[in-house]
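A.B. asks: See my_file07.txt below, with compact mmCIF, C-alpha atoms and all ligand atoms.
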# COMPACT_ATOMS: atom_id res chain seq x y z
CA CYS A 1 73.78 190.71 -13.67
CA GLY A 2 74.31 187.22 -14.97
CA GLY A 3 75.50 185.55 -11.77
CA SER A 4 74.49 181.97 -11.39
CA ASP A 5 74.73 181.46 -7.69
CA ASN A 6 72.05 178.81 -7.98
CA GLU A 7 74.20 176.42 -10.02
CA PRO A 8 74.02 173.13 -8.15
CA PHE A 9 77.14 172.22 -6.27
CA THR A 10 77.39 168.49 -5.61
CA PRO A 11 80.01 167.66 -3.02
CA GLY A 12 81.68 164.28 -2.73
CA GLN A 13 82.68 163.72 -6.35
CA PRO A 14 85.13 160.84 -6.87
CA GLU A 15 88.75 161.88 -6.61
CA THR A 16 91.08 161.27 -9.52
CA PRO A 17 94.40 162.79 -8.50
CA GLU A 18 96.11 163.07 -11.84
CA GLN A 19 98.15 165.74 -13.54
CA PRO A 20 95.77 168.66 -13.94
CA GLY A 21 94.86 170.00 -17.30
CA GLY A 22 96.74 173.07 -18.36
CA GLY A 23 99.87 171.70 -19.93
CA ASP A 24 103.42 172.73 -19.20
CA ASP A 25 105.08 175.89 -18.01
CA THR A 26 105.61 177.49 -21.39
CA ASP A 27 104.63 181.08 -21.06
CA ASP A 28 102.20 182.14 -23.70
CA SER A 29 100.08 183.90 -21.10
CA ASP A 30 99.04 187.53 -21.18
CA THR A 31 101.33 189.64 -19.05
CA LEU A 32 99.41 192.55 -17.68
CA ALA A 33 100.99 195.70 -16.39
CA PRO A 34 98.49 197.64 -14.32
CA GLU A 35 98.55 201.24 -15.47
CA GLY A 36 96.29 203.00 -13.04
CA SER A 37 97.85 205.38 -10.60
CA GLY A 38 95.40 204.25 -7.90
CA ARG A 39 96.39 202.79 -4.59
CA TYR A 40 94.28 199.68 -4.97
CA LEU A 41 94.21 196.70 -7.29
CA VAL A 42 91.41 194.12 -7.46
CA LEU A 43 92.41 190.66 -8.62
CA TYR A 44 89.65 188.13 -8.99
CA SER A 45 88.90 184.73 -10.37
CA SER A 46 85.32 183.75 -11.12
CA ARG A 47 83.60 181.07 -13.14
CA THR A 48 79.96 181.97 -12.84
CA SER A 49 80.40 185.67 -12.07
CA ASN A 50 79.42 185.85 -8.38
CA THR A 51 82.95 186.78 -7.34
CA GLU A 52 83.27 188.95 -10.43
CA ARG A 53 80.28 191.00 -9.32
CA MET A 54 81.91 191.54 -5.94
CA ALA A 55 85.16 192.55 -7.65
CA ARG A 56 83.31 195.05 -9.83
CA GLN A 57 81.61 196.49 -6.79
CA ILE A 58 84.97 197.06 -5.10
CA ARG A 59 86.39 198.56 -8.27
CA THR A 60 83.47 200.93 -8.56
CA ALA A 61 83.72 201.95 -4.91
CA LEU A 62 87.45 202.62 -5.10
CA ASP A 63 87.75 203.63 -8.75
CA CYS A 64 90.75 201.36 -9.10
CA ASP A 65 92.43 198.83 -11.38
CA MET A 66 90.98 195.36 -11.75
CA ILE A 67 92.40 192.23 -13.35
CA GLU A 68 90.70 188.89 -13.93
CA VAL A 69 92.83 185.86 -13.15
CA GLU A 70 91.99 183.17 -15.68
CA PRO A 71 93.06 179.57 -16.10
CA GLN A 72 95.20 179.01 -19.16
CA MET A 73 92.74 176.38 -20.32
CA PRO A 74 89.08 177.41 -19.94
CA TYR A 75 86.93 175.19 -17.76
CA GLU A 76 84.58 172.71 -19.36
CA ASN A 77 80.98 173.78 -19.84
CA ASP A 78 79.82 170.40 -18.61
CA TYR A 79 79.32 170.89 -14.89
CA ASN A 80 80.39 167.41 -13.78
CA ALA A 81 83.50 167.50 -15.95
CA MET A 82 84.32 170.87 -14.46
CA LEU A 83 83.91 169.57 -10.89
CA GLU A 84 86.12 166.62 -11.71
CA ARG A 85 88.83 168.87 -13.11
CA ALA A 86 88.64 171.14 -10.07
CA GLN A 87 89.16 168.13 -7.81
CA GLU A 88 92.08 166.92 -9.90
CA GLU A 89 93.69 170.35 -9.71
CA LEU A 90 93.20 170.59 -5.95
CA ALA A 91 94.74 167.14 -5.50
CA ALA A 92 97.68 168.13 -7.72
CA ILE A 93 98.19 171.36 -5.75
CA GLU A 94 98.50 169.27 -2.60
CA GLN A 95 101.37 167.53 -4.36
CA GLY A 96 102.89 170.92 -5.24
CA ARG A 97 101.75 170.90 -8.90
CA TYR A 98 99.84 174.03 -9.86
CA PRO A 99 97.64 174.34 -12.95
CA ALA A 100 98.76 176.77 -15.64
CA VAL A 101 97.31 180.21 -15.24
CA GLY A 102 96.69 182.55 -18.16
CA THR A 103 97.18 185.83 -16.28
CA SER A 104 100.44 187.35 -15.20
CA VAL A 105 101.20 190.71 -13.57
CA ASP A 106 104.60 192.39 -13.93
CA SER A 107 104.64 194.34 -10.71
CA PHE A 108 102.43 195.36 -7.83
CA ASP A 109 104.56 198.42 -7.04
CA GLY A 110 102.58 201.44 -5.97
CA TYR A 111 99.55 199.58 -4.69
CA ASP A 112 98.77 200.05 -1.02
CA ILE A 113 96.50 197.07 -1.06
CA VAL A 114 95.80 194.20 -3.41
CA PHE A 115 92.30 192.75 -3.16
CA VAL A 116 92.21 189.04 -3.96
CA GLY A 117 88.83 187.46 -4.68
CA TYR A 118 87.88 183.89 -5.54
CA PRO A 119 85.14 181.29 -5.20
CA ILE A 120 85.42 178.55 -2.61
CA TRP A 121 85.94 175.17 -4.23
CA TYR A 122 85.69 172.13 -1.97
CA GLY A 123 86.42 174.35 1.00
CA SER A 124 89.56 175.75 -0.65
CA MET A 125 90.54 178.79 -2.68
CA ALA A 126 89.62 178.14 -6.34
CA THR A 127 92.62 176.68 -8.15
CA PRO A 128 93.28 179.47 -10.69
CA MET A 129 93.81 181.97 -7.86
CA GLN A 130 95.97 179.51 -5.91
CA ALA A 131 98.11 179.07 -9.02
CA PHE A 132 98.30 182.84 -9.58
CA LEU A 133 99.37 183.53 -5.98
CA HIS A 134 101.91 180.71 -6.19
CA GLU A 135 103.43 182.27 -9.33
CA HIS A 136 103.38 185.82 -7.99
CA ALA A 137 104.36 185.19 -4.36
CA SER A 138 107.72 186.93 -4.61
CA LYS A 139 106.18 189.98 -6.30
CA LEU A 140 103.56 190.16 -3.56
CA ALA A 141 106.16 190.06 -0.75
CA GLY A 142 105.64 193.02 1.56
CA LYS A 143 102.29 193.89 -0.05
CA ARG A 144 99.05 194.12 1.86
CA ILE A 145 96.40 191.70 0.67
CA ALA A 146 92.68 191.81 1.45
CA LEU A 147 90.79 188.58 0.75
CA PHE A 148 87.19 188.28 -0.40
CA ALA A 149 85.29 185.23 -1.59
CA THR A 150 81.94 183.73 -2.48
CA SER A 151 80.64 180.27 -1.70
CA GLY A 152 77.48 178.23 -1.56
CA GLY A 153 77.75 178.27 2.22
CA SER A 154 81.23 177.09 3.20
CA GLY A 155 83.51 179.29 5.27
CA ILE A 156 86.55 181.25 4.15
CA SER A 157 89.01 180.27 6.89
CA ALA A 158 90.75 177.36 5.12
CA SER A 159 91.40 179.59 2.12
CA ILE A 160 92.87 182.30 4.37
CA GLY A 161 95.39 179.72 5.56
CA GLU A 162 96.11 178.78 1.96
CA ALA A 163 96.64 182.41 0.97
CA ARG A 164 98.99 182.95 3.92
CA SER A 165 101.11 179.97 3.03
CA LEU A 166 101.11 180.79 -0.69
CA CYS A 167 102.28 184.36 0.05
CA PRO A 168 104.20 184.04 3.33
CA GLU A 169 105.85 187.41 2.93
CA ALA A 170 102.71 189.40 2.29
CA THR A 171 100.72 191.10 5.03
CA PHE A 172 97.06 190.19 5.27
CA VAL A 173 94.35 192.62 6.23
CA ASP A 174 92.68 190.88 9.15
CA ARG A 175 89.08 191.38 8.03
CA THR A 176 87.98 189.33 5.05
CA LEU A 177 84.61 189.33 3.28
CA LEU A 178 82.71 186.18 2.37
CA LEU A 179 79.31 186.22 0.70
CA THR A 180 77.41 182.95 0.51
CA SER A 181 74.38 182.10 -1.61
CA SER A 182 72.18 183.43 1.19
CA THR A 183 74.03 186.76 1.55
CA LEU A 184 74.93 187.49 -2.09
CA SER A 185 71.84 189.65 -2.39
CA GLN A 186 73.29 191.96 0.29
CA MET A 187 76.42 192.50 -1.79
CA GLU A 188 76.21 196.25 -2.19
CA GLY A 189 75.85 197.02 1.51
CA ARG A 190 78.26 194.35 2.68
CA VAL A 191 81.05 195.44 0.32
CA ALA A 192 80.66 199.11 1.28
CA GLU A 193 80.67 198.22 4.98
CA TRP A 194 83.76 196.05 4.59
CA LEU A 195 85.72 198.69 2.67
CA ASP A 196 84.83 201.14 5.38
CA GLU A 197 85.94 198.76 8.14
CA ILE A 198 89.34 198.17 6.57
CA GLY A 199 89.84 201.86 5.87
CA ALA A 200 89.89 201.59 2.08
CA GLY A 201 88.40 204.58 0.33
CA ARG A 202 88.87 206.99 -2.53
CA GLU A 203 89.96 209.82 -0.32
CA GLU A 204 92.98 210.59 1.81
CA PRO A 205 95.84 208.09 2.02
CA VAL A 206 95.24 205.45 4.63
CA THR A 207 96.84 202.27 5.69
CA PRO A 208 94.03 199.85 4.88
CA GLY A 209 92.96 197.80 7.83
CA ILE A 210 95.31 199.75 10.04
CA SER A 211 93.80 203.01 11.13
CA SER A 212 96.54 204.15 13.49
CA PRO A 213 100.12 203.18 14.31
CA ASN A 214 99.24 203.42 17.99
CA VAL A 215 98.40 200.45 20.13
CA ASN A 216 96.77 200.05 23.54
CA ILE A 217 98.16 197.29 25.72
CA SER A 218 95.98 196.15 28.60
CA VAL A 219 97.98 194.77 31.52
CA GLY A 220 95.71 193.83 34.40
CA ASP A 221 93.59 196.92 35.00
CA ARG A 222 96.18 199.27 33.51
CA THR A 223 96.32 200.34 29.85
CA ILE A 224 99.66 201.43 28.45
CA THR A 225 100.28 202.59 24.88
CA ALA A 226 102.84 201.93 22.18
CA THR A 227 103.72 203.60 18.90
CA MET A 228 104.51 201.22 16.06
CA GLU A 229 107.17 201.64 13.39
CA ASP A 230 106.29 202.13 9.74
CA ASN A 231 107.61 198.83 8.38
CA ALA A 232 106.13 195.61 6.97
CA ALA A 233 106.72 193.63 10.17
CA ALA A 234 104.92 196.26 12.28
CA ARG A 235 102.06 196.39 9.77
CA ASP A 236 101.75 192.62 9.95
CA PHE A 237 101.64 192.87 13.75
CA LEU A 238 98.93 195.55 13.54
CA SER A 239 96.92 193.43 11.12
CA ARG A 240 96.72 190.68 13.80
CA LEU A 241 95.12 192.91 16.44
CA PRO A 242 93.25 192.58 18.71
CA LEU A 243 95.53 189.95 20.17
CA GLU A 244 95.56 188.50 23.68
CA VAL A 245 98.73 186.66 24.70
CA THR A 246 100.78 185.57 27.67
CA LEU A 247 104.16 187.28 27.66
CA LYS A 248 106.73 184.84 28.97
CA ASP A 249 109.48 186.18 31.14
CA TYR A 250 112.88 185.84 29.51
CA ASN A 251 116.13 186.11 31.44
CA GLN A 252 114.81 187.59 34.68
CA THR A 253 112.73 190.46 33.37
CA THR A 254 115.18 191.41 30.62
CA GLU A 255 112.49 190.70 28.01
CA LYS A 256 108.87 189.63 27.84
CA ILE A 257 108.35 187.41 24.82
CA PHE A 258 105.72 185.55 22.83
CA TYR A 259 105.59 183.62 19.57
CA PRO A 260 103.04 184.91 17.01
CA SER A 261 101.59 182.14 14.90
CA PRO A 262 102.23 182.26 12.01
CA ALA A 263 105.45 184.20 12.54
CA LEU A 264 105.38 187.86 11.56
CA THR A 265 106.73 188.73 8.15
CA THR A 266 110.26 190.10 8.33
CA ALA A 267 110.86 190.42 4.59
CA GLY A 268 112.15 193.77 3.46
CA THR A 269 112.38 195.17 7.00
CA ALA A 270 115.70 196.60 8.19
CA ARG A 271 117.41 194.54 10.88
CA GLY A 272 119.72 195.64 13.66
CA CYS A 273 118.83 197.39 16.88
CA VAL A 274 120.31 198.41 20.23
CA PRO A 275 117.27 197.76 22.38
CA ILE A 276 116.26 200.11 25.16
CA PRO A 277 113.47 199.58 27.73
CA GLY A 278 110.10 199.72 25.99
CA ASP A 279 111.32 198.58 22.57
CA ILE A 280 109.05 196.06 20.86
CA THR A 281 111.14 193.87 18.59
CA ILE A 282 111.19 190.63 16.65
CA TYR A 283 114.13 188.30 17.21
CA ALA A 284 114.32 187.08 13.62
CA PRO A 285 116.09 183.70 14.13
CA TRP A 286 113.40 182.52 16.56
CA GLY A 287 110.45 184.51 15.24
CA ASN A 288 109.41 185.67 18.71
CA VAL A 289 108.29 189.14 19.68
CA ALA A 290 110.52 190.49 22.47
CA ILE A 291 109.58 193.53 24.53
CA PHE A 292 112.62 194.86 26.29
CA CYS A 293 112.28 195.75 29.98
CA LYS A 294 116.02 196.47 30.32
CA ASN A 295 118.72 197.74 27.99
CA GLY A 296 120.08 195.08 25.66
CA SER A 297 123.20 194.86 23.56
CA ARG A 298 123.19 195.48 19.83
CA SER A 299 121.94 192.59 17.72
CA ASN A 300 121.78 192.39 13.95
CA ASP A 301 118.94 189.89 14.32
CA LEU A 302 116.56 192.25 16.11
CA ILE A 303 113.90 194.11 14.15
CA LYS A 304 112.28 197.03 15.92
CA ILE A 305 108.54 197.18 15.33
CA GLY A 306 107.50 199.67 18.00
CA HIS A 307 108.10 201.29 21.38
CA ILE A 308 106.01 201.49 24.54
CA ASP A 309 105.30 205.12 25.27
CA GLY A 310 106.48 207.01 28.36
CA ASP A 311 107.10 204.88 31.41
CA GLY A 312 104.51 202.28 30.33
CA ILE A 313 107.16 199.56 30.36
CA GLU A 314 106.99 199.66 34.17
CA ALA A 315 103.73 197.71 33.91
CA LEU A 316 105.65 194.82 32.31
CA ARG A 317 108.75 195.07 34.47
CA VAL A 318 107.40 192.51 36.91
CA ALA A 319 108.57 188.99 37.73
CA GLY A 320 107.08 186.07 35.82
CA ASP A 321 104.65 185.82 32.93
CA VAL A 322 102.11 188.55 32.16
CA ARG A 323 98.80 188.28 30.34
CA VAL A 324 98.26 191.24 27.98
CA LYS A 325 95.88 192.32 25.24
CA PHE A 326 97.08 194.41 22.30
CA GLU A 327 94.46 196.52 20.52
CA ARG A 328 94.58 199.23 17.92
CA GLN A 329 93.67 202.72 19.12
C1 LIG B 401 84.28 173.12 -8.37
C2 LIG B 401 83.39 173.79 -7.39
C3 LIG B 401 83.49 173.49 -6.06
C4 LIG B 401 82.69 174.14 -5.13
N1 LIG B 401 82.84 173.84 -3.81
C5 LIG B 401 82.09 174.49 -2.90
C6 LIG B 401 82.25 174.23 -1.51
O1 LIG B 401 83.06 173.43 -1.07
N2 LIG B 401 81.48 174.89 -0.64
C7 LIG B 401 80.56 175.80 -1.06
O2 LIG B 401 79.91 176.40 -0.22
N3 LIG B 401 80.39 176.08 -2.36
C8 LIG B 401 81.14 175.46 -3.29
N4 LIG B 401 80.98 175.75 -4.61
C9 LIG B 401 80.06 176.83 -5.00
C10 LIG B 401 80.80 178.14 -5.29
O3 LIG B 401 81.72 178.45 -4.28
C11 LIG B 401 79.83 179.33 -5.39
O4 LIG B 401 78.82 179.04 -6.31
C12 LIG B 401 80.58 180.60 -5.78
O5 LIG B 401 79.76 181.72 -5.50
C13 LIG B 401 80.94 180.61 -7.26
O6 LIG B 401 81.64 181.80 -7.53
P1 LIG B 401 81.84 182.31 -9.03
O7 LIG B 401 80.45 182.61 -9.58
O8 LIG B 401 82.64 183.57 -8.87
O9 LIG B 401 82.54 181.27 -9.80
C14 LIG B 401 81.75 175.10 -5.56
C15 LIG B 401 81.62 175.39 -6.92
C16 LIG B 401 82.42 174.72 -7.83
C17 LIG B 401 82.29 175.05 -9.29
Go ahead and express the file in the form of structure tokens.
Ligand SMILES: Cc1cc2nc3c(=O)[nH]c(=O)nc-3n(C[C@H](O)[C@H](O)[C@H](O)COP(=O)(O)O)c2cc1C
C.D. replies:
Amino acid sequence: CGGSDNEPFTPGQPETPEQPGGGDDTDDSDTLAPEGSGRYLVLYSSRTSNTERMARQIRTALDCDMIEVEPQMPYENDYNAMLERAQEELAAIEQGRYPAVGTSVDSFDGYDIVFVGYPIWYGSMATPMQAFLHEHASKLAGKRIALFATSGGSGISASIGEARSLCPEATFVDRTLLLTSSTLSQMEGRVAEWLDEIGAGREEPVTPGISSPNVNISVGDRTITATMEDNAAARDFLSRLPLEVTLKDYNQTTEKIFYPSPALTTAGTARGCVPIPGDITIYAPWGNVAIFCKNGSRSNDLIKIGHIDGDGIEALRVAGDVRVKFERQ
């Protein structure tokens, strides 16, 4: 393979925050309509083919569609000029100006999971992928996204934050995969392991990253269980587990509440619920999760995401705040 993971990366180039190259918004880009009937799509952006090799590995493992996300204007061959342009584009993105991207996708309908891969540039997601996600955010609403990346050594966490804010209505698989120059050689094993961990495979339908709709909730030394709904908000909740939080008492043991950060996606999920004891809900105007200990009156702003099984709610029907841990079964 022709990867050049040994290309020198020189941090600390001078910043010249100008309008990035790439011209205006006129759309002479290729619009791609994925045709595969598979459940997975791999989107990737790559300049020196490290990320591309990862993308190909995922495609081979899952036998799925793959699309390269390219800048409208190819990057300069001169390495320093390229670094300078990347910095200009990142500075422009901070001002809300995205470089033109040469790849467009009509629809992501039918895909259970969209894999999004990119190199890390100055700690961030490479600009072509940022621009692509920015342009396709509404089409990716409600979709599950799994992030993978390569870098010289930097971490992936800043780019996860960028992806989440670029696509606030998508659900993110909690496990990501980063290969750095020292782990690129382990690509084959690491990719296979990751796909296994998130439940992505060629075989029977799965909810990637979410193996079961059932949740264990540890309360003190007791473990109660809950069954989650099949909606985007519940899937987003499941993708955050394991999660340890303090449930605040609300209105004298009527509800136990907490505020997920960032708030759970509520896009495309039916609202309206007459809560009964044990219901796990989101109160959409405030973005908090509310677990009902008592009956409540109907609210069009409540979204049900699950229910505590049996009489498990008794464990939460206590005065004051309660520390709990949610875990997938
Ligand atoms: C413009 C630019 C900025 C980069 N910034 C970083 C960085 O901040 N941290 C890092 O570890 N590697 C950085 N790198 C190295 C790339 O992340 C790494 O070589 C990656 O594997 C390249 O992926 P690709 O072959 O798919 O393009 C940078 C590379 C370029 C070209």
A.B. asks: Once you count only C-alpha atoms, what closest atom pair and distance in Å to one decimal does each residue of stretch 73-173 of chain A within 9 Å of stretch 48-69 of chain A have, with rows by chain and rising residue number, as a tab-separated table?
C.D. replies:
residue	atom	partner	partner_atom	distance
A:Val101	CA	A:Val69	CA	7.5
A:Gly102	CA	A:Val69	CA	7.1
A:Thr103	CA	A:Val69	CA	5.4
A:Ser104	CA	A:Val69	CA	8.0
A:Val105	CA	A:Ile67	CA	8.9
A:Phe115	CA	A:Ala55	CA	8.4
A:Val116	CA	A:Ala55	CA	8.7
A:Gly117	CA	A:Thr51	CA	6.5
A:Tyr118	CA	A:Thr51	CA	6.0
A:Pro119	CA	A:Thr51	CA	6.3
A:Pro128	CA	A:Val69	CA	6.9
A:Met129	CA	A:Val69	CA	6.6
A:Phe132	CA	A:Val69	CA	7.2
A:Phe148	CA	A:Thr51	CA	8.3
A:Ala149	CA	A:Thr51	CA	6.4
A:Thr150	CA	A:Thr51	CA	5.8
A:Ser151	CA	A:Asn50	CA	8.8
A.B. asks: Which protein, DNA or RNA residues have an atom within 9 Å of ligand LIG 401 (chain B), counting only C-alpha atoms and all ligand atoms, as a ChimeraX atom specification?
C.D. replies: /A:3-11,44-54,79-80,82-87,117-126,149-155,179-181,184
A.B. asks: I need every residue sitting at most 12 Å from the point (108.4, 205.9, 23.1) (coordinates as in the file, only C-alpha atoms considered), written as a list in words.
C.D. replies: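 Collected hits near the coordinates: Asn214, Val215, Ile224, Thr225, Ala226, Thr227, Met228, Glu229, Ile276, Pro277, Gly278, Asp279, Ile280, Ile305, Gly306, His307, Ile308, Asp309, Gly310, Asp311, Gly312 and Ile313 of chain A.
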A.B. asks: If you count all atoms listed in the file, which residues fall within 6 Å of A:Lys248, apart from same-chain ones fewer than 3 positions away, as a list in words?
C.D. replies: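 In the requested form, the answer reads Lys256, Ile257 and Asp321 of chain A.
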A.B. asks: Which protein, DNA or RNA residues are at most 10 Å from (110.9, 186.1, 18.4) in the file's coordinates when you count only C-alpha atoms, listed as a PyMOL selection string?
C.D. replies: chain A and resi 257-260+263-264+281-291+301-303
A.B. asks: I'd like the contact shell of A:Glu244 - 8 Å cut-off, all atoms listed in the file, skipping same-chain residues fewer than 3 positions apart - returned as JSON, numbers by chain.
C.D. replies: {"A": [323, 324, 325, 326]}
A.B. asks: Neighbouring residues of A:Asp109 were defined as those with any atom within 10 Å, considering all atoms listed in the file; residues of the same chain fewer than 3 positions away were excluded. Please report them as a ChimeraX atom specification.
C.D. replies: /A:34,39,106,112,139-140,143
A.B. asks: What does the distance from atom CA of A:Thr183 to atom CA of A:Ile160 come to in Å, to one decimal?
C.D. replies: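 Going from atom CA of A:Thr183 over to atom CA of A:Ile160 covers 19.6 Å.
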A.B. asks: Box time for stretch 278-290 of chain A: axis-aligned, enclosing all its listed atoms, 8 Å extra on each side; report centre and edge lengths in Å to one decimal, as AutoDock Vina command-line options.
C.D. replies:
--center_x 112.2 --center_y 191.1 --center_z 19.8 --size_x 23.8 --size_y 33.2 --size_z 28.4
A.B. asks: For stretch 100-137 of chain A against stretch 164-168 of chain A, with a cut-off of 10 Å and counting all atoms listed in the file, what is the closest atom pair and its distance in Å to one decimal for every residue that makes the cut, ordered by chain and number, as a Markdown table?
C.D. replies:
| residue | atom | partner | partner_atom | distance |
| --- | --- | --- | --- | --- |
| A:Gln130 | CA | A:Leu166 | CA | 7.4 |
| A:Ala131 | CA | A:Leu166 | CA | 9.0 |
| A:Phe132 | CA | A:Leu166 | CA | 9.5 |
| A:Leu133 | CA | A:Leu166 | CA | 6.2 |
| A:His134 | CA | A:Leu166 | CA | 5.6 |
| A:Glu135 | CA | A:Leu166 | CA | 9.1 |
| A:His136 | CA | A:Cys167 | CA | 8.2 |
| A:Ala137 | CA | A:Cys167 | CA | 4.9 |
A.B. asks: If you measure from atom CA of A:Ala91 to atom CA of A:Val42, what distance in Å do you get, rounded to one decimal?
C.D. replies: 27.3 Å
